[in-house]
Amino acid sequence: MLVRLLYASRAVDASPGAIDAILAQSRAHNPACGVTGILCYGSGIFLQAIEGGRATVSELYGHIQKDLRHKDVVLLHYEEISERRFGGWTMGQVNLTKIHVATLLRYSERAELDPYAVSGKVSLALLEELMATAAIVGRN
């Protein structure tokens, strides 16, 4: 059974090297586990959707909750799915500096990534728009 999990967290180390290390680890680990997804990062906040088998996604989320590189980990949305929305990415990355301000304002009170201030469904809709507008890098 496939599931999709969406969570937010804050980076403990917001340096570009630390963020790149998280992405590299995801891209190296996820294909063997059948996990796909995308990661949004901006202003010290991660917004990530992960898809895969229920047990695998649950185990991965458990690791993320314990990962010392993350703090304030919050589950935003979880659902059983019939197909993947982010199946073309082992872990796509959204570059928020290249996103038009109007896109962020469509889903939030301010032109910044803040999944803590909106619902999980709103955050998922933002990720889907970013995917549709080719704002994601790292496609397989």
# chains A, B, ... in the order shown; residues from 1 in each chain; ligands from 1
>>> select_by_dssp(residues="chain A", states="alpha helix (DSSP H)", output="MDAnalysis selection string")
chainID A and resid 16:33 54:66 101:107 120:132
>>> residues_around(residues="A:Ala125", least_positions_apart="3", cutoff="12 Å", atoms="only C-alpha atoms", output="PyMOL selection string")
chain A and resi 6+49+77+85+103-104+106-108+115+118-122+128-132
>>> write_last_selection(atoms="C-alpha atoms", output="PDB file, in the first residue's frame")
ATOM      1  CA  LEU A   6       4.001  15.620   4.505  1.00  0.00           C
ATOM      2  CA  ALA A  49       6.590  15.172   0.983  1.00  0.00           C
ATOM      3  CA  HIS A  77      -0.631  15.435   6.277  1.00  0.00           C
ATOM      4  CA  ARG A  85       2.453  12.524  -7.374  1.00  0.00           C
ATOM      5  CA  THR A 103       3.069  31.903  -5.874  1.00  0.00           C
ATOM      6  CA  LEU A 104       3.902  31.952  -2.170  1.00  0.00           C
ATOM      7  CA  ARG A 106      -1.384  32.463  -3.119  1.00  0.00           C
ATOM      8  CA  TYR A 107      -0.938  29.943  -0.271  1.00  0.00           C
ATOM      9  CA  SER A 108       0.132  32.079   2.676  1.00  0.00           C
ATOM     10  CA  PRO A 115       4.060  25.422   6.683  1.00  0.00           C
ATOM     11  CA  VAL A 118      -1.109  26.858   7.061  1.00  0.00           C
ATOM     12  CA  SER A 119      -2.871  23.518   6.785  1.00  0.00           C
ATOM     13  CA  GLY A 120      -1.236  20.396   5.421  1.00  0.00           C
ATOM     14  CA  LYS A 121      -3.559  20.490   2.413  1.00  0.00           C
ATOM     15  CA  VAL A 122      -2.439  24.035   1.602  1.00  0.00           C
ATOM     16  CA  GLU A 128       1.961  20.471  -6.454  1.00  0.00           C
ATOM     17  CA  GLU A 129       2.032  23.930  -8.037  1.00  0.00           C
ATOM     18  CA  LEU A 130       5.800  24.091  -7.704  1.00  0.00           C
ATOM     19  CA  MET A 131       6.034  20.711  -9.404  1.00  0.00           C
ATOM     20  CA  ALA A 132       3.675  21.801 -12.209  1.00  0.00           C
TER      21      ALA A 132
END
>>> closest_residue(among="A:Leu113, A:Ala18, A:Ile64, A:Ile81", to="A:Leu126", atoms="only C-alpha atoms")
A:Leu113
>>> atom_distance(atom1="atom CA of A:Ala28", atom2="atom CA of A:Glu51")
15.6 Å
>>> residues_around(residues="A:Leu47", least_positions_apart="5", cutoff="9 Å", atoms="only C-alpha atoms", output="JSON, numbers by chain")
{"A": [6, 7, 8, 9, 10, 38, 39, 40, 41, 42, 113, 114, 115, 123, 127]}
>>> closest_residue(among="A:Ala24, A:Leu105, A:Ala55, A:Leu68", to="A:Ala11", atoms="only C-alpha atoms")
A:Leu68
>>> select_by_dssp(residues="stretch 28-107 of chain A", states="strand (DSSP E or B)", output="VMD selection string")
chain A and resid 36 to 42 45 to 53 70 to 81 92 to 95
>>> residues_around(residues="A:Tyr61", least_positions_apart="4", cutoff="9 Å", atoms="only C-alpha atoms", output="PyMOL selection string")
chain A and resi 5+7+50+56-57+65-66
>>> write_last_selection(atoms="C-alpha atoms", output="PDB file, in the first residue's frame")
ATOM      1  CA  LEU A   5       3.430  11.885   4.275  1.00  0.00           C
ATOM      2  CA  TYR A   7       5.945  17.166   7.360  1.00  0.00           C
ATOM      3  CA  ILE A  50       7.645  11.524   0.974  1.00  0.00           C
ATOM      4  CA  THR A  56       8.923   2.262   4.760  1.00  0.00           C
ATOM      5  CA  VAL A  57       7.510   5.803   4.967  1.00  0.00           C
ATOM      6  CA  GLN A  65      11.963  12.774  14.047  1.00  0.00           C
ATOM      7  CA  LYS A  66      15.142  11.538  15.764  1.00  0.00           C
TER       8      LYS A  66
END
>>> residues_around(residues="A:Val12", least_positions_apart="4", cutoff="7 Å", atoms="only C-alpha atoms", output="CSV table (one decimal) with C-alpha atoms, in the first residue's frame")
chain,number,residue,atom,x,y,z
A,69,ARG,CA,19.7,17.9,12.0
A,70,HIS,CA,15.9,18.6,12.4
A,71,LYS,CA,14.0,20.2,15.2
>>> atom_distance(atom1="atom CA of A:Ala21", atom2="atom CA of A:Val35")
17.6 Å
>>> closest_residue(among="A:Arg27, A:Arg110, A:Arg4, A:His100", to="A:Ser82", atoms="only C-alpha atoms")
A:Arg4
>>> residues_around(residues="A:Met1", least_positions_apart="4", cutoff="8 Å", atoms="only C-alpha atoms", output="number ranges by chain")
A: 53-54, 80-81
>>> write_last_selection(atoms="N, CA and C atoms", output="compact mmCIF listing (two decimals), in the first residue's frame")
# COMPACT_ATOMS: atom_id res chain seq x y z
N GLY A 53 5.90 2.80 0.32
CA GLY A 53 5.15 1.83 1.10
C GLY A 53 4.91 2.33 2.51
N ARG A 54 3.79 1.93 3.09
CA ARG A 54 3.40 2.44 4.41
C ARG A 54 4.48 2.19 5.47
N GLU A 80 -3.34 7.53 2.48
CA GLU A 80 -3.13 6.40 1.59
C GLU A 80 -3.38 6.91 0.18
N ILE A 81 -2.57 6.47 -0.78
CA ILE A 81 -2.68 6.98 -2.14
C ILE A 81 -2.75 5.81 -3.13
